[in-house]
Amino acid sequence: MAAGVAAWLPFARAAAIGWMPVANCPMPLAPADKNKRQDELIVLNVSGRRFQTWRTTLERYPDTLLGSTEKEFFFNEDTKEYFFDRDPEVFRCVLNFYRTGKLHYPRYECISAYDDELAFYGILPEIIGDCCYEEYKDRKRENAERLMDDNDSENNQESMPSLSFRQTMWRAFENPHTSTLALVFYYVTGFFIAVSVITNVVETVPCGTVPGSKELPCGERYSVAFFCLDTACVMIFTVEYLLRLFAAPSRYRFIRSVMSIIDVVAIMPYYIGLVMTNNEDVSGAFVTLRVFRVFRIFKFSRHSQGLRILGYTLKSCASELGFLLFSLTMAIIIFATVMFYAEKGSSASKFTSIPASFWYTIVTMTTLGYGDMVPKTIAGKIFGSICSLSGVLVIALPVPVIVSNFSRIYHQNQRADKRRAQKKARLARIRVAKTGSSNAYLHSKRNGLLNEALELMGTPEEEHMGKTTSLIESQHHHLLHCLEKTTNHEFIDEQMFEQNCMESSMQNYPSTRSPSLSSHPGLTTTCCSRRSKKTTHLPNSNLPATRLRSMQELSTIHIQGSEQPSLTTSRSSLNLKADDGLRPNCKTSQITTAIISIPTPPALTPEGEGRPPPASPGSNTNVPAVASNVVKVSAL
Amino acid sequence: MRGQGRKESLSDSRDLDGSYDQLTGHPPGPTKKALKQRFLKLLPCCGPQALPSVSENSVEDEFELSTVCHRPEGLEQLQEQTKFTRKELQVLYRGFKNECPSGIVNEENFKQIYSQFFPQGDSSTYATFLFNAFDTNHDGSVSFEDFVAGLSVILRGTTDDRLNWAFNLYDLNKDGCITKEEMLDIMKSIYDMMGKYTYPALREEAPREHVESFFQKMDRNKDGVVTIEEFIESCQKDENIMRSMQLFDNVI
């Protein structure tokens, strides 16, 4: 029952009077209206905009937020109204849904914002009314495409870890931008395709006469040179085809694909020609085969996106093209017949048969008008003019459909390209935001420890450094600090991590993985190879135990080496400008920030704040420093 | 060019056979007016204004209805005429206006609203009978006054009033007595509202049997019709009916 007619329920119940006299059994008891209060107005304050409605209106849909007791959570005792800190524009639509029973989707609204609001109010988007449903679905589909696009490229990046040689080769073929070798290969093949096509063309140009014989085309004059060129091109194409065949993940599917068929057709004539040069009978067929060499030009479609789009458009417009063809055929047959019979009377007419008239009809309908066949009778001329007029119409009808299809697909591609181009900027933006927050934490941690150390050191004149952080920030930082304490590891940033990575690889120490690792499996093996990939997906991992000796926390800022056997070095997180005022004599500090705990020889001393060597070994002081754990840390 | 709807119309060759005009959906009978219109269309001077309206009757009907906007009498008058309080009238009117912004209900609308309460069966026949009972002046539409007047009798009237109203409902031709045929119609319409899926399954002769038992109870002098006096008398003797009449006290 639609909510809109809920108000008519008393009427429906009253109409039941017609059943009472005819009923043979007693009627059931009516439900008692326990809280028979008068219908009251309730005030909904959404971000300052007040909406008012009857309570019963909202109670029409008891399984939504507003219709159930869930809204009591938002009741503000002081102002005796329900306050929602949400978007008032979308709330308008939501409230109208209660009033009219129909949910509308405003066009100017962002689809994800709208979905969020609906989810908040407990309304399923499926009940959007017919009037707005199509628009909603379209927008939602576009959004999903965008998300899928992102996911795809993310997955592509993430599936780096273990690609076999074959897979790398396939990727190089499909996407030439993955490596320089692929790019070189791409351009080389493109060059050779061009060379091959040009030689095919130039072969047939007449090249000047050899004295004593007629004019020869270049192909026959310099046959050896052309043969060598042809051979070279075919070699390259064959090699390329075989490489692709080898690298293809599904060879059967590759063989059936269009591009591979084109490849085969492009190189077959040459081999067939090699086999059958001397047989005179089939030399005619052989000459015909050479025509297929022109298909090499289609190989360019791997190199040109526009060609691919064109091909895809033609494929998707197959029905329109079919219709065009069919209607043209019909018209041709009709007009050819008419012209034939019209011109039958005139003498020496070129319209010798109906098929002969086909040529005239086609030339006229496509407005070519060669003039090699013209009607001479009056009737013929009349029908001929009708023919040309209708030709324009028949052709003009399906063409815009094809054009619009092409335009749509082209723009879709443009959008995808634009998204990809902007993706880098977008990811950079996201990363900056993330590192911003992690930097804030590390910065404040440094300042916090500084302050602690200062207090302990008893230098009261140092002001509390750092900007004043909001309460939320400080609570967040406290939370991260607790996590550090729990796991006995510390957060550092990405650059530090990679530096450590580099240095650890330079140190060339064997490293084993600690069982307490919770890092991403692929990450541990490819720590340094990922240097160039700046992704933001480094997971958290357990760092080796960190101990803070009491007042030597300053070692978070300074890199200290110590003579003591349990050598620990620590490193500061960021902003390793020397805090010159804070160089007390640092004794042992065991803060191991990090990254790799490889047994470092005691002689290793840090060179300064800028280049912290790999961190110290060992989980805790009890364990001898020999135990080495390789641990990867995350930069948030 | 991929719509399914288009495919259907393409495969529909009724247009070519001349039995169905795809544009207007009507059999293309060449009336004099239509021929003239068609000829005029070809000429460049006559533009779209020469096009005939598709089906003039229904368009005009709808046009009339949508321009009519009925306003009920004042609240005070309605309060005098009916037994509802002011607040009750307000609530009733708000619900009424919500579904019928134009202020009056016609039969189609009425049937559609009523059918929303009985999704399983077909309530259109019963709704028609109800409409005729509410439409006291038989002008084809139920205004708010009619609506409220009817409700007032059912919900706030005495038992006798209610029984009178029910008799009025049953008496389809308003001739003062209920025949077996009228009762059968009513009974069938009530059973129609149940729909197909009932337990036990509905049999064909159920309404007729029910009518027989009704007449046995109500028809005192066994003359085949039930008059108003017989009806009221028999109902007052039946305890079940009396008790069920009291259900209407608490509806609003």
# chains A, B, ... in the order shown; residues from 1 in each chain; ligands from 1
$ residues_around --residues "segment 147-156 of chain B" --least-positions-apart "3" --cutoff "6 Å" --atoms "only C-alpha atoms" --output "PyMOL selection string"
chain B and resi 82-83+134+144+162+248-249
$ write_last_selection --atoms "C-alpha atoms" --output "compact mmCIF listing (two decimals), in the first residue's frame"
# COMPACT_ATOMS: atom_id res chain seq x y z
CA THR B 82 -21.65 15.97 9.67
CA LYS B 83 -20.89 14.61 13.03
CA PHE B 134 -21.13 7.80 -2.14
CA PHE B 144 -15.43 16.19 -0.45
CA ARG B 162 -25.54 2.36 9.18
CA PHE B 248 -16.97 1.49 13.11
CA ASP B 249 -17.06 3.54 16.25
$ residues_around --residues "segment 103-108 of chain B" --least-positions-apart "2" --cutoff "12 Å" --atoms "only C-alpha atoms" --output "PyMOL selection string"
chain B and resi 61-62+65-73+93-101+110-115+124-135+138-147
$ closest_residue --among "B:Ile252, B:Met194, B:Val225, B:Leu89" --to "chain A" --atoms "only C-alpha atoms"
B:Ile252
$ closest_residue --among "B:Asp175, B:Glu204, B:Asp161, B:Glu80" --to "chain A" --atoms "only C-alpha atoms"
B:Asp161
$ closest_residue --among "B:Asp160, B:Glu88, B:Glu76, B:Glu212" --to "Asp39 of chain A" --atoms "only C-alpha atoms"
B:Glu88
$ closest_residue --among "A:Asn447, A:Ser250, A:Asn405, A:Gln499" --to "chain B" --atoms "only C-alpha atoms"
A:Asn405
$ closest_residue --among "A:Leu95, A:Ile430, A:Val401, A:Ile409" --to "chain B" --atoms "only C-alpha atoms"
A:Val401
$ select_by_dssp --residues "segment 141-337 of chain A" --states "alpha helix (DSSP H)" --output "ChimeraX atom specification"
/A:141-158,165-174,180-203,218-221,223-247,251-256,258-275,283-290,305-316,318-337
$ residues_around --residues "Val90 of chain A" --least-positions-apart "4" --cutoff "12 Å" --atoms "only C-alpha atoms" --output "ChimeraX atom specification"
/A:46-47,49,86,94-97,103-121
$ select_by_dssp --residues "segment 204-447 of chain A" --states "strand (DSSP E)" --output "list of chain:residue names"
A:Pro206, A:Cys207, A:Gly208, A:Thr209, A:Glu215, A:Leu216, A:Pro217
$ residues_around --residues "Tyr312 of chain A" --least-positions-apart "2" --cutoff "12 Å" --atoms "only C-alpha atoms" --output "list in words"
Val258, Ser301, Gln305, Gly306, Leu307, Arg308, Ile309, Leu310, Leu314, Lys315, Ser316, Cys317, Ala318, Ile402, Asn405, Phe406, Ser407, Arg408, Ile409, Tyr410 and Asn413 of chain A
$ residues_around --residues "Lys217 of chain B" --least-positions-apart "3" --cutoff "12 Å" --atoms "only C-alpha atoms" --output "PyMOL selection string"
(chain A and resi 21-24) or (chain B and resi 210-214+220-222+224-226+230-238)
$ residues_around --residues "Cys228 of chain A" --least-positions-apart "6" --cutoff "12 Å" --atoms "only C-alpha atoms" --output "number ranges by chain"
A: 196, 199, 219, 222, 234-235, 270
